[in-house]
Each structure stands twice: as structure tokens, then as C-alpha cells.
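K.L.:
Below you will find the structure I want to go over with you.
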Amino acid sequence: MALPIVHHPDYDAESVPDGHRFPMRKYSLLATLLRERGERFAVPAHAPERWLHLAHDPAYVTAVLTSSVDARTARRIGFEMTPAIAARTRASVGGTCLAARLALQEGAAVSLAGGSHHANYESGAGFCVFNDVAVAARAMQAEGLARKIAIIDCDVHHGDGTASIFTGDSSVFTASLHCEDNWPREKPPSDLDVGLAKGEGDAAYLKALTGLVDQVFARSEPDLVFYNAGVDPHADDRLGLLRLTDDGLRERDRRVAEACRSRAVPLVGVLGGGYEKDAGAVARRHSFMVDALAAITAPDRRAALPSPH
């Protein structure tokens with residue numbers, strides 16, 4: 001079976017204008033790029049409110065869904081909290097949950113959104129409203145589909161919200177590879193943090209990645225891995241401060257995919273960040289992760305999968 005790819009039209013909230021620091025159009029542009037290549041999409045349902053309560057304060061969930069978030073929180077998130085933003089974030093959570101179910105069936109799956117790792121239990125921040133990966137991880141556990149989960153976060157910014165949600169939870173192993181000199185300034189500890197100095201490029205990044213991935217599997221035995229494949233480590237990103245090339249991002253995604261394939265651990269890919277002004281360039285870089293996961297679900301590769309541990 002071809003790689004399952006999840007997409008919802010609501011991923012692109014039209015209430016966020018072109019020119020906003022968050023290039024919202026990247027979601028529809030990526031979907032168009034993949035459609036032109038012949039890809040078809042699974043369409044998720046919007047996450048019901050009860051799912052959101054698995055990782056978030058019910059009072060905060062209600063405020064988002066009723067567009068009554070206070071002005072200070074809205075500023076911290078970076079969006080005007082409109083019904084379109086509420087619909088977008090519910091679609092994104094629903095998409096990551098669907099991708100997780102499909103990955104458990106097929107070995108890997110992608111949602112063409114997600115990676116909202118700055119959202120914590122009480123609130124959102126940094127363009128992240130609900131933490132889709134945290135909700136999906138808890139949902140898979142609640143449904144008995146996965147027992148132990150690992151989150152490999154390669155967005156250039158530390159996965160602070162994810163780390164805080166799973167503090168003290170030994171069933172979810174959190175790992176973050178990020179630029180140490182970048183936002184957020186306060187970085188609650190993940191189970192494994194690797195912070196790179198500003199300006200590092202492909203060689204240093206890929207060396208650090210290999211060490212991080214090896215440690216993730218040495219220290220945890222996950223039934224399911226979520227991979228935040230933010231493209232903001234790229235040299236042209238406005239908010240990244242690292243210097244990766246397109247080839248470096250491709251190799252990063254390939255190594256994560258191969259690490260999971262070689263261990264027969266299902267892999268869920270989500271997009272994470274990317275903030276270059278050219279939303280088309282960001283969308284193209286996000287397609288690298290789709291290609292990497294497609295390679296490990298190709299029929300000739302799946303036949304060689306080892307038996308699950």
C-alpha cells in the first residue's frame with residue numbers, strides 16, 4: 001500500500017492573511033504539490049472536544065472552541081482566535097490522530113499539518129493552539145492501540161509544550177533536537193534534549209541526529225513514534241538560526257524513517273514549523289518528509305521489514 005497521507009481543507013485557515021509571520025498557505029500549497037504528483041488523501045474528522053481534554057485544560061479548550069480566549073493568551077499564540085482557527089486546530093488534531101491509526105496499520109503515515117509542540121496543558125503559544133501529537137499519543141494509549149510512545153522532535157525550536165505535558169510520564173519518551181540559542185527561552189526538560197549552537201549546518205546536525213535517534217531507541221521501546229519534521233532548521237528560515245540545506249533536511253528525514261523501519265516501529269510524520277516568506281519553498285521542503293516515509297512503505301521495502309520486537 002502507498003503511504004497514507006492525511007489532509008483536511010481546514011488545515012489552511014483563510015482568516016490568517018498572506019504576509020503573516022506564519023505562512024499559513026504552506027498547507028494548501030503542499031497538498032496541491034502532492035495532488036499534482038498523483039497522491040490521494042485520507043480526510044480526518046475534526047477532533048471532538050473530549051479528545052482535546054486528554055492533553056489540555058478543559059477550560060482552555062472551551063475558550064478556544066468558543067473564540068473567548070483572553071487577549072494575552074491570543075498574543076502569546078500569535079493568531080486572532082477566530083472560529084476558522086478553532087476549526088483548523090481541531091482538524092489538525094484529528095489529522096494526527098488518524099495518521100497514528102493508519103501508521104499502526106501500514107507502518108507509516110503522514111498528516112500534512114501538526115507538530116504544534118509549544119501548546120502545553122494550560123495554554124497555547126508560538127502559533128500552537130492544541131498539541132496534536134500529545135492528544136494523539138494519549139488517544140492511542142486510551143484506545144489500547146499503543147502502550148509506549150516516543151516523540152522525536154526535530155523542529156528548530158525546543159518542544160517545550162510536549163515536554164511539560166509528559167513530565168513524569170514514563171510511557172511517553174520525549175526527545176528534542178533544536179537550536180539551543182533560539183526561542184523559547186525557558187525549556188522544560190524533555191527526556192532527551194540536544195541543543196545545537198546557532199549557525200550549525202548539515203554535518204553537525206546530522207551527527208547530533210544520529211546520536212539522538214540511537215539514544216531514543218536505547219532508552220525506550222516504543223510501539224509508535226511521532227516525528228515532528230519542522231523545516232525551520234533550514235538556512236533560509238526567518239526564525240531558525242541554523243544553516244541546514246535542502247539536502248541536509250532530506251537526509252535528516254531519511255535517517256529518522258530508516259531508523260524506525262529497521263526496528264519495525266510504526267512512524268507518524270507531522271510537519272512542524274517553517275517560516276520562510278516564500279510559502280511555496282516551505283511547502284516543497286515539507287514534501288521531503290513525505291518522500292522519506294513513502295520510501296519505507298513501498299511494497300518492495302515492506303517485504304524486508306524485520307519482525308516486531
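Residue numbers start at 1 in each chain; chains themselves are named A, B, ... in the order of the C-alpha cells; ligands are numbered from 1 in the order shown.
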What lies within 7 Å of Asp57 of chain A using only C-alpha atoms, ignoring chain neighbours under 4 positions off, as a ChimeraX atom specification?

P.N.:
/A:53,61,121-122

K.L.:
Identify, on the basis of only C-alpha atoms, every residue whose closest approach to Tyr227 of chain A does not exceed 7 Å; exclude the query and any residue fewer than 4 positions from it along the same chain; express the result as an NGL selection string.

P.N.:
:A and (151-153 or 268-270)

K.L.:
Using the selection just defined, write its residues with C-alpha atoms as an mmCIF file, in the first residue's frame.

P.N.:
data_model
loop_
_atom_site.group_PDB
_atom_site.id
_atom_site.type_symbol
_atom_site.label_atom_id
_atom_site.label_comp_id
_atom_site.auth_asym_id
_atom_site.auth_seq_id
_atom_site.Cartn_x
_atom_site.Cartn_y
_atom_site.Cartn_z
ATOM 1 C CA ILE A 151 8.284 11.578 20.148
ATOM 2 C CA ILE A 152 11.259 12.648 18.026
ATOM 3 C CA ASP A 153 11.019 16.421 17.633
ATOM 4 C CA VAL A 268 3.762 9.130 12.212
ATOM 5 C CA GLY A 269 5.109 12.220 10.430
ATOM 6 C CA VAL A 270 3.806 15.727 11.125
#

K.L.:
Check which residues of segment 139-248 of chain A sit at most 9 Å from segment 123-132 of chain A using only C-alpha atoms, and return one row each with the closest pair of atoms and their distance in Å to one decimal, ordered by chain and rising number, as a tab-separated table.

P.N.:
residue	atom	partner	partner_atom	distance
A:Gly161	CA	A:Asn131	CA	7.5
A:Thr162	CA	A:Asn131	CA	7.2
A:Pro184	CA	A:Gly126	CA	8.7

K.L.:
Create the file for the chosen residues now, containing N, CA and C atoms and written as a CSV table (one decimal), in the first residue's frame.

P.N.:
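What landed in result.csv:
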chain,number,residue,atom,x,y,z
A,161,GLY,N,6.2,22.6,25.1
A,161,GLY,CA,4.8,22.2,25.5
A,161,GLY,C,4.7,20.7,25.6
A,162,THR,N,5.3,19.9,24.7
A,162,THR,CA,5.2,18.5,24.7
A,162,THR,C,6.0,18.0,25.9
A,184,PRO,N,11.9,28.8,22.6
A,184,PRO,CA,11.6,29.5,23.8
A,184,PRO,C,12.8,29.6,24.7

K.L.:
Could you give me, as a PyMOL selection string, each residue of segment 76-150 of chain A that DSSP assigns to helix (DSSP H, G or I) when run on this structure's backbone?

P.N.:
chain A and resi 76-77+83-106+132-142

K.L.:
Please extract the residues of segment 61-191 of chain A with a backbone DSSP assignment of strand (DSSP E) and present them as a PyMOL selection string.

P.N.:
chain A and resi 108-111+149-153+172-179

K.L.:
Since we have the selection now, will you write its residues out, keeping N, CA and C atoms, as an mmCIF file, in the first residue's frame?

P.N.:
data_model
loop_
_atom_site.group_PDB
_atom_site.id
_atom_site.type_symbol
_atom_site.label_atom_id
_atom_site.label_comp_id
_atom_site.auth_asym_id
_atom_site.auth_seq_id
_atom_site.Cartn_x
_atom_site.Cartn_y
_atom_site.Cartn_z
ATOM 1 N N ALA A 108 3.675 3.355 8.433
ATOM 2 C CA ALA A 108 3.977 4.784 8.474
ATOM 3 C C ALA A 108 2.789 5.534 7.889
ATOM 4 N N ALA A 109 2.643 6.783 8.294
ATOM 5 C CA ALA A 109 1.608 7.659 7.749
ATOM 6 C C ALA A 109 2.011 9.095 8.044
ATOM 7 N N VAL A 110 1.436 10.016 7.265
ATOM 8 C CA VAL A 110 1.762 11.435 7.386
ATOM 9 C C VAL A 110 0.477 12.235 7.504
ATOM 10 N N SER A 111 0.478 13.232 8.375
ATOM 11 C CA SER A 111 -0.535 14.277 8.323
ATOM 12 C C SER A 111 0.123 15.540 7.791
ATOM 13 N N ILE A 149 5.224 5.108 23.731
ATOM 14 C CA ILE A 149 5.333 6.012 22.582
ATOM 15 C C ILE A 149 6.599 6.837 22.717
ATOM 16 N N ALA A 150 7.242 7.115 21.584
ATOM 17 C CA ALA A 150 8.370 8.041 21.544
ATOM 18 C C ALA A 150 8.029 9.195 20.606
ATOM 19 N N ILE A 151 8.473 10.385 20.973
ATOM 20 C CA ILE A 151 8.284 11.578 20.148
ATOM 21 C C ILE A 151 9.662 12.119 19.802
ATOM 22 N N ILE A 152 9.989 12.105 18.521
ATOM 23 C CA ILE A 152 11.259 12.648 18.026
ATOM 24 C C ILE A 152 10.950 13.991 17.389
ATOM 25 N N ASP A 153 11.372 15.059 18.039
ATOM 26 C CA ASP A 153 11.019 16.421 17.633
ATOM 27 C C ASP A 153 12.247 17.098 17.042
ATOM 28 N N VAL A 172 5.657 7.752 27.730
ATOM 29 C CA VAL A 172 5.927 8.585 26.553
ATOM 30 C C VAL A 172 7.321 9.176 26.688
ATOM 31 N N PHE A 173 8.198 8.825 25.763
ATOM 32 C CA PHE A 173 9.580 9.308 25.763
ATOM 33 C C PHE A 173 9.679 10.489 24.810
ATOM 34 N N THR A 174 10.079 11.656 25.339
ATOM 35 C CA THR A 174 10.163 12.869 24.530
ATOM 36 C C THR A 174 11.612 13.204 24.240
ATOM 37 N N ALA A 175 11.912 13.503 22.967
ATOM 38 C CA ALA A 175 13.265 13.870 22.549
ATOM 39 C C ALA A 175 13.182 15.081 21.638
ATOM 40 N N SER A 176 14.065 16.054 21.870
ATOM 41 C CA SER A 176 14.050 17.296 21.096
ATOM 42 C C SER A 176 15.447 17.630 20.617
ATOM 43 N N LEU A 177 15.591 17.818 19.298
ATOM 44 C CA LEU A 177 16.831 18.301 18.683
ATOM 45 C C LEU A 177 16.534 19.688 18.143
ATOM 46 N N HIS A 178 17.204 20.702 18.686
ATOM 47 C CA HIS A 178 16.804 22.074 18.427
ATOM 48 C C HIS A 178 18.004 23.012 18.484
ATOM 49 N N CYS A 179 17.789 24.263 18.146
ATOM 50 C CA CYS A 179 18.804 25.295 18.335
ATOM 51 C C CYS A 179 18.697 25.817 19.761
#

K.L.:
Find the spatial neighbours of Leu224 of chain A, counting only C-alpha atoms, within a cut-off of 12 Å - ignore same-chain residues fewer than 3 positions away - and output them as a count of residues only.

P.N.:
42

K.L.:
From the list A:Lys198, A:Arg72, A:Arg255, A:His286, which residue is nearest Ala235 of chain A when using only C-alpha atoms?

P.N.:
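For Ala235 of chain A, the nearest of the given residues is A:Lys198.
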
K.L.:
Would you mind telling me which residue in A:Leu241, A:Ala47, A:Val64, A:Ala84 lies nearest to Asp12 of chain A when using only C-alpha atoms?

P.N.:
A:Ala84

K.L.:
Let me make sure I understand: among A:Val93, A:Ala74, A:Leu249, A:Ala204, which one has the smallest atom-to-atom distance to Arg284 of chain A if we use only C-alpha atoms?

P.N.:
A:Leu249

K.L.:
For Leu98 of chain A, which residue out of A:His8, A:Leu212, A:Leu293, A:Ser262 is the nearest one, using only C-alpha atoms?

P.N.:
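The shortest atom-to-atom distance to Leu98 of chain A comes from A:His8.
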
K.L.:
To one decimal place in Å, what is the distance between atom CA of Gln215 of chain A and atom CA of Asp237 of chain A?

P.N.:
28.0 Å

K.L.:
Kindly give the distance, in Å, that separates atom CA of Asp253 of chain A and atom CA of Met289 of chain A, rounded to a single decimal.

P.N.:
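Those two atoms sit 5.4 Å apart.
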
K.L.:
Would you write out, as JSON lines, a table of all residues in segment 230-306 of chain A that have an atom no more than 7 Å from an atom of segment 21-32 of chain A, listing for each the closest atom pair and the distance in Å to one decimal, considering only C-alpha atoms and ordering rows by chain and rising residue number?

P.N.:
{"residue": "A:Tyr275", "atom": "CA", "partner": "A:Phe22", "partner_atom": "CA", "distance": 6.1}
{"residue": "A:Lys277", "atom": "CA", "partner": "A:Pro23", "partner_atom": "CA", "distance": 6.9}
{"residue": "A:Ala279", "atom": "CA", "partner": "A:Lys26", "partner_atom": "CA", "distance": 5.0}
{"residue": "A:Gly280", "atom": "CA", "partner": "A:Lys26", "partner_atom": "CA", "distance": 6.3}
{"residue": "A:Val282", "atom": "CA", "partner": "A:Lys26", "partner_atom": "CA", "distance": 6.4}
{"residue": "A:Ala283", "atom": "CA", "partner": "A:Leu30", "partner_atom": "CA", "distance": 4.8}
{"residue": "A:Arg284", "atom": "CA", "partner": "A:Leu30", "partner_atom": "CA", "distance": 6.7}

K.L.:
Tell me which of A:Arg88, A:Arg50, A:Lys207, A:His118 sits closest to Glu14 of chain A, counting only C-alpha atoms.

P.N.:
A:Arg88

K.L.:
Measure the distance from atom CA of Arg238 of chain A to atom CA of Arg250 of chain A in Å and round it to one decimal.

P.N.:
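Interatomic distance here is 19.5 Å.
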
K.L.:
Counting only C-alpha atoms, which residue out of A:Pro58, A:Gly211, A:Pro44, A:Pro188 sits closest to Ile5 of chain A?

P.N.:
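Among the listed residues, A:Pro44 lies closest to Ile5 of chain A.
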
K.L.:
Do a neighbour search on Ala229 of chain A at 6 Å with only C-alpha atoms, toss out local chain neighbours closer than 4 positions, and write the hits as a JSON list (two decimals) with C-alpha atoms, in the first residue's frame.

P.N.:
[["chain", "number", "residue", "atom", "x", "y", "z"],
["A", 154, "CYS", "CA", 13.36, 17.93, 15.03],
["A", 155, "ASP", "CA", 11.71, 21.31, 14.74],
["A", 271, "LEU", "CA", 5.00, 18.96, 9.55],
["A", 272, "GLY", "CA", 6.10, 21.27, 12.37]]
